[in-house]
$ cat coords_17.pdb   # PDB, C-alpha atoms and all ligand atoms
ATOM      1  CA  MET A   1      77.680  75.369  52.825  1.00  0.00           C
ATOM      2  CA  LYS A   2      74.472  76.514  54.432  1.00  0.00           C
ATOM      3  CA  ARG A   3      75.325  74.639  57.642  1.00  0.00           C
ATOM      4  CA  GLN A   4      78.677  76.396  57.903  1.00  0.00           C
ATOM      5  CA  LYS A   5      76.988  79.793  57.835  1.00  0.00           C
ATOM      6  CA  VAL A   6      74.865  78.801  60.812  1.00  0.00           C
ATOM      7  CA  GLN A   7      77.988  77.755  62.720  1.00  0.00           C
ATOM      8  CA  TRP A   8      79.672  81.094  62.117  1.00  0.00           C
ATOM      9  CA  GLY A   9      76.528  82.746  63.384  1.00  0.00           C
ATOM     10  CA  SER A  10      76.757  80.725  66.587  1.00  0.00           C
ATOM     11  CA  VAL A  11      80.409  81.655  67.031  1.00  0.00           C
ATOM     12  CA  LEU A  12      79.501  85.315  66.698  1.00  0.00           C
ATOM     13  CA  VAL A  13      76.712  85.017  69.273  1.00  0.00           C
ATOM     14  CA  LEU A  14      79.096  83.216  71.624  1.00  0.00           C
ATOM     15  CA  ALA A  15      81.733  85.916  71.165  1.00  0.00           C
ATOM     16  CA  VAL A  16      79.229  88.686  71.890  1.00  0.00           C
ATOM     17  CA  THR A  17      77.976  86.781  74.929  1.00  0.00           C
ATOM     18  CA  CYS A  18      81.541  86.522  76.205  1.00  0.00           C
ATOM     19  CA  LEU A  19      82.107  90.227  75.676  1.00  0.00           C
ATOM     20  CA  VAL A  20      78.948  91.097  77.584  1.00  0.00           C
ATOM     21  CA  TRP A  21      79.955  88.716  80.377  1.00  0.00           C
ATOM     22  CA  TRP A  22      83.467  90.179  80.475  1.00  0.00           C
ATOM     23  CA  ASP A  23      82.011  93.662  80.680  1.00  0.00           C
ATOM     24  CA  THR A  24      79.728  92.857  83.604  1.00  0.00           C
ATOM     25  CA  ALA A  25      82.494  90.923  85.401  1.00  0.00           C
ATOM     26  CA  GLY A  26      84.261  94.207  86.202  1.00  0.00           C
ATOM     27  CA  PRO A  27      81.762  95.669  88.674  1.00  0.00           C
ATOM     28  CA  VAL A  28      81.255  92.226  90.219  1.00  0.00           C
ATOM     29  CA  LEU A  29      84.987  91.962  90.946  1.00  0.00           C
ATOM     30  CA  ALA A  30      84.974  95.466  92.403  1.00  0.00           C
ATOM     31  CA  GLN A  31      82.370  94.290  94.919  1.00  0.00           C
ATOM     32  CA  SER A  32      84.957  92.066  96.587  1.00  0.00           C
ATOM     33  CA  GLU A  33      85.764  95.165  98.620  1.00  0.00           C
ATOM     34  CA  GLN A  34      84.121  94.684 102.002  1.00  0.00           C
ATOM     35  CA  VAL A  35      82.170  97.655 103.207  1.00  0.00           C
ATOM     36  CA  VAL A  36      81.610  99.001 106.690  1.00  0.00           C
ATOM     37  CA  GLU A  37      79.138 101.831 107.031  1.00  0.00           C
ATOM     38  CA  VAL A  38      79.427 104.158 109.974  1.00  0.00           C
ATOM     39  CA  THR A  39      76.813 106.856 110.425  1.00  0.00           C
ATOM     40  CA  ILE A  40      77.264 109.465 113.111  1.00  0.00           C
ATOM     41  CA  LYS A  41      73.930 110.618 114.463  1.00  0.00           C
ATOM     42  CA  ASP A  42      72.866 112.191 117.749  1.00  0.00           C
ATOM     43  CA  PHE A  43      76.429 111.953 119.059  1.00  0.00           C
ATOM     44  CA  LYS A  44      76.562 108.204 118.447  1.00  0.00           C
ATOM     45  CA  TYR A  45      78.247 105.909 115.956  1.00  0.00           C
ATOM     46  CA  VAL A  46      75.853 103.577 114.181  1.00  0.00           C
ATOM     47  CA  THR A  47      77.883 100.820 112.547  1.00  0.00           C
ATOM     48  CA  LYS A  48      76.737  98.442 109.822  1.00  0.00           C
ATOM     49  CA  GLN A  49      79.170  95.638 109.128  1.00  0.00           C
ATOM     50  CA  GLY A  50      79.023  92.119 107.848  1.00  0.00           C
ATOM     51  CA  VAL A  51      81.605  89.496 108.643  1.00  0.00           C
ATOM     52  CA  LEU A  52      84.968  91.125 107.946  1.00  0.00           C
ATOM     53  CA  ARG A  53      87.743  88.915 106.651  1.00  0.00           C
ATOM     54  CA  LEU A  54      91.449  89.446 106.935  1.00  0.00           C
ATOM     55  CA  GLY A  55      93.528  90.280 103.899  1.00  0.00           C
ATOM     56  CA  PHE A  56      90.608  91.733 101.931  1.00  0.00           C
ATOM     57  CA  PRO A  57      90.362  95.313 100.725  1.00  0.00           C
ATOM     58  CA  THR A  58      88.120  97.077 103.183  1.00  0.00           C
ATOM     59  CA  VAL A  59      86.395 100.417 103.018  1.00  0.00           C
ATOM     60  CA  ILE A  60      84.908 102.246 105.965  1.00  0.00           C
ATOM     61  CA  LYS A  61      82.356 104.778 104.784  1.00  0.00           C
ATOM     62  CA  ILE A  62      81.627 107.412 107.387  1.00  0.00           C
ATOM     63  CA  ARG A  63      78.853 109.959 107.296  1.00  0.00           C
ATOM     64  CA  ASN A  64      78.192 112.698 109.811  1.00  0.00           C
ATOM     65  CA  GLU A  65      74.454 113.391 110.060  1.00  0.00           C
ATOM     66  CA  ASP A  66      74.814 115.739 113.024  1.00  0.00           C
ATOM     67  CA  ILE A  67      75.024 119.518 112.975  1.00  0.00           C
ATOM     68  CA  GLU A  68      78.338 119.437 114.828  1.00  0.00           C
ATOM     69  CA  ARG A  69      81.754 118.364 113.679  1.00  0.00           C
ATOM     70  CA  HIS A  70      82.830 114.879 114.765  1.00  0.00           C
ATOM     71  CA  ASP A  71      85.937 112.786 114.630  1.00  0.00           C
ATOM     72  CA  PHE A  72      86.473 109.179 113.596  1.00  0.00           C
ATOM     73  CA  GLY A  73      89.782 108.269 115.163  1.00  0.00           C
ATOM     74  CA  SER A  74      91.284 104.846 115.683  1.00  0.00           C
ATOM     75  CA  THR A  75      94.522 102.972 116.102  1.00  0.00           C
ATOM     76  CA  MET A  76      93.328 100.275 113.668  1.00  0.00           C
ATOM     77  CA  PHE A  77      95.173 101.874 110.728  1.00  0.00           C
ATOM     78  CA  GLU A  78      98.495 102.155 112.523  1.00  0.00           C
ATOM     79  CA  GLY A  79     101.369 101.174 110.261  1.00  0.00           C
ATOM     80  CA  LEU A  80      99.020 100.082 107.437  1.00  0.00           C
ATOM     81  CA  PRO A  81      98.924 101.635 103.979  1.00  0.00           C
ATOM     82  CA  THR A  82      95.684 103.614 104.114  1.00  0.00           C
ATOM     83  CA  GLN A  83      93.740 105.855 101.763  1.00  0.00           C
ATOM     84  CA  ILE A  84      91.269 108.477 102.840  1.00  0.00           C
ATOM     85  CA  GLU A  85      88.899 109.754 100.167  1.00  0.00           C
ATOM     86  CA  LYS A  86      87.034 112.952 100.810  1.00  0.00           C
ATOM     87  CA  ASP A  87      85.541 115.495  98.397  1.00  0.00           C
ATOM     88  CA  GLY A  88      87.361 114.022  95.430  1.00  0.00           C
ATOM     89  CA  VAL A  89      90.734 114.112  97.149  1.00  0.00           C
ATOM     90  CA  ILE A  90      92.525 110.947  98.173  1.00  0.00           C
ATOM     91  CA  VAL A  91      95.149 111.142 100.890  1.00  0.00           C
ATOM     92  CA  TYR A  92      97.357 108.090 101.338  1.00  0.00           C
ATOM     93  CA  GLY A  93     100.117 106.883 103.568  1.00  0.00           C
ATOM     94  CA  ARG A  94     100.833 104.969 106.722  1.00  0.00           C
ATOM     95  CA  GLY A  95      99.964 105.898 110.248  1.00  0.00           C
ATOM     96  CA  VAL A  96      96.632 107.595 109.602  1.00  0.00           C
ATOM     97  CA  GLY A  97      94.910 108.451 112.873  1.00  0.00           C
ATOM     98  CA  GLY A  98      91.431 109.264 111.624  1.00  0.00           C
ATOM     99  CA  VAL A  99      89.257 111.934 110.014  1.00  0.00           C
ATOM    100  CA  PHE A 100      87.280 114.922 111.190  1.00  0.00           C
ATOM    101  CA  LEU A 101      83.928 115.351 109.525  1.00  0.00           C
ATOM    102  CA  ASP A 102      81.925 118.547 109.424  1.00  0.00           C
ATOM    103  CA  SER A 103      78.141 118.448 109.460  1.00  0.00           C
ATOM    104  CA  LYS A 104      76.576 116.381 106.651  1.00  0.00           C
ATOM    105  CA  ARG A 105      79.934 115.363 105.233  1.00  0.00           C
ATOM    106  CA  ASP A 106      81.276 111.925 104.451  1.00  0.00           C
ATOM    107  CA  ALA A 107      84.597 110.229 103.869  1.00  0.00           C
ATOM    108  CA  ALA A 108      85.857 106.785 102.906  1.00  0.00           C
ATOM    109  CA  ILE A 109      88.843 105.075 104.510  1.00  0.00           C
ATOM    110  CA  ARG A 110      90.383 102.204 102.522  1.00  0.00           C
ATOM    111  CA  PHE A 111      92.892  99.703 103.845  1.00  0.00           C
ATOM    112  CA  ASN A 112      93.659  96.003 103.920  1.00  0.00           C
ATOM    113  CA  MET A 113      92.768  94.448 107.199  1.00  0.00           C
ATOM    114  CA  SER A 114      95.669  92.365 108.370  1.00  0.00           C
ATOM    115  CA  ARG A 115      95.243  91.989 112.120  1.00  0.00           C
ATOM    116  CA  PRO A 116      92.243  90.361 113.739  1.00  0.00           C
ATOM    117  CA  GLY A 117      90.663  91.819 116.820  1.00  0.00           C
ATOM    118  CA  ARG A 118      88.275  94.290 118.278  1.00  0.00           C
ATOM    119  CA  TYR A 119      89.056  97.831 117.187  1.00  0.00           C
ATOM    120  CA  GLU A 120      87.737 100.842 118.969  1.00  0.00           C
ATOM    121  CA  PHE A 121      87.197 104.184 117.375  1.00  0.00           C
ATOM    122  CA  ARG A 122      86.364 107.398 119.141  1.00  0.00           C
ATOM    123  CA  CYS A 123      85.661 111.077 118.763  1.00  0.00           C
ATOM    124  CA  SER A 124      88.394 113.270 120.204  1.00  0.00           C
ATOM    125  CA  ILE A 125      85.974 116.216 120.391  1.00  0.00           C
ATOM    126  CA  HIS A 126      83.385 114.310 122.430  1.00  0.00           C
ATOM    127  CA  PRO A 127      85.174 111.742 124.626  1.00  0.00           C
ATOM    128  CA  ASN A 128      81.910 109.913 125.386  1.00  0.00           C
ATOM    129  CA  MET A 129      81.528 108.906 121.749  1.00  0.00           C
ATOM    130  CA  THR A 130      83.002 105.477 121.084  1.00  0.00           C
ATOM    131  CA  GLY A 131      82.296 102.563 118.797  1.00  0.00           C
ATOM    132  CA  GLU A 132      84.005  99.400 117.674  1.00  0.00           C
ATOM    133  CA  LEU A 133      84.592  97.088 114.754  1.00  0.00           C
ATOM    134  CA  LEU A 134      85.138  93.380 114.977  1.00  0.00           C
ATOM    135  CA  LEU A 135      87.789  92.051 112.614  1.00  0.00           C
ATOM    136  CA  LEU A 136      87.863  88.277 112.295  1.00  0.00           C
ATOM    137  CA  SER A 137      90.176  85.950 110.535  1.00  0.00           C
ATOM    138  CA  ALA A 138      88.545  83.903 107.767  1.00  0.00           C
ATOM    139  CA  GLU A 139      89.149  80.706 109.766  1.00  0.00           C
ATOM    140  CA  ALA A 140      87.154  82.021 112.694  1.00  0.00           C
ATOM    141  CA  VAL A 141      84.031  82.507 110.568  1.00  0.00           C
TER     142      VAL A 141
HETATM  143 CU    CU A 201      82.010 114.020 118.233  1.00  0.00          CU
END
$ encode --input "coords_17.pdb" --output "structure tokens"
Amino acid sequence: MKRQKVQWGSVLVLAVTCLVWWDTAGPVLAQSEQVVEVTIKDFKYVTKQGVLRLGFPTVIKIRNEDIERHDFGSTMFEGLPTQIEKDGVIVYGRGVGGVFLDSKRDAAIRFNMSRPGRYEFRCSIHPNMTGELLLLSAEAV
């Protein structure tokens, strides 16, 4: 009888452990989104990216540190379902060309990368401003 009580205690501990694990699994799964950080500073794009794989949810986070307005425009989203999040508003659709960012503002562009290649982005306000992202297929890594 006494032994059985101990077993029930173990089951309870196991159940709680599972619940805690389940709870922490959420944020971990959310991290499967691959992140590209683009900071605009001194009329230049500074890009931080890891290896980007095809078919994974991707977010490009852009921040304008300059005093002037800049543009982040690219053909890389052409025909792809894309979401742009800015100031608590999410705009979605296909055929997004890019975003304009005022001073000290940021935006997030979410899409699924489906085509490998080298993708240029540029600022339509300042034609000298260009940058690029390298999208690889998982096999090429
Ligand atoms: Cu610019």
$ resolve_selection --input "coords_17.pdb" --expression "the PyMOL selection byres (((not hetatm)) within 10 of (chain A and resi 201))" --output "VMD selection string"
chain A and resid 40 to 45 64 66 68 to 72 100 to 102 122 to 130
$ resolve_selection --input "coords_17.pdb" --expression "the PyMOL selection byres (((chain A and resi 56-62) around 6) and not hetatm)" --output "PyMOL selection string"
chain A and resi 33-39+54-55+63+106-112
$ resolve_selection --input "coords_17.pdb" --expression "the PyMOL selection byres (((chain A and resi 98) around 7) and not hetatm)" --output "PDB file with C-alpha atoms, in the frame of the given file"
ATOM      1  CA  PHE A  72      86.473 109.179 113.596  1.00  0.00           C
ATOM      2  CA  GLY A  73      89.782 108.269 115.163  1.00  0.00           C
ATOM      3  CA  SER A  74      91.284 104.846 115.683  1.00  0.00           C
ATOM      4  CA  VAL A  96      96.632 107.595 109.602  1.00  0.00           C
ATOM      5  CA  GLY A  97      94.910 108.451 112.873  1.00  0.00           C
ATOM      6  CA  VAL A  99      89.257 111.934 110.014  1.00  0.00           C
TER       7      VAL A  99
END
$ residues_around --input "coords_17.pdb" --residues "Thr75 in chain A" --least-positions-apart "4" --cutoff "8 Å" --atoms "only C-alpha atoms" --output "list of chain:residue names"
A:Gly97, A:Tyr119, A:Glu120, A:Phe121
$ atom_distance --input "coords_17.pdb" --atom1 "CA of Gly117 in chain A" --atom2 "CA of Glu85 in chain A"
24.5 Å
$ closest_residue --input "coords_17.pdb" --among "A:Met76, A:Met113, A:Leu133, A:Ile90" --to "Gly50 in chain A" --atoms "all atoms listed in the file"
A:Leu133
$ atom_distance --input "coords_17.pdb" --atom1 "CA of Arg105 in chain A" --atom2 "CA of Glu65 in chain A"
7.6 Å
$ atom_distance --input "coords_17.pdb" --atom1 "CA of Gly79 in chain A" --atom2 "CA of Lys48 in chain A"
24.8 Å
$ residues_around --input "coords_17.pdb" --residues "Gly93 in chain A" --least-positions-apart "5" --cutoff "7 Å" --atoms "only C-alpha atoms" --output "JSON, numbers by chain"
{"A": [81, 82, 83]}
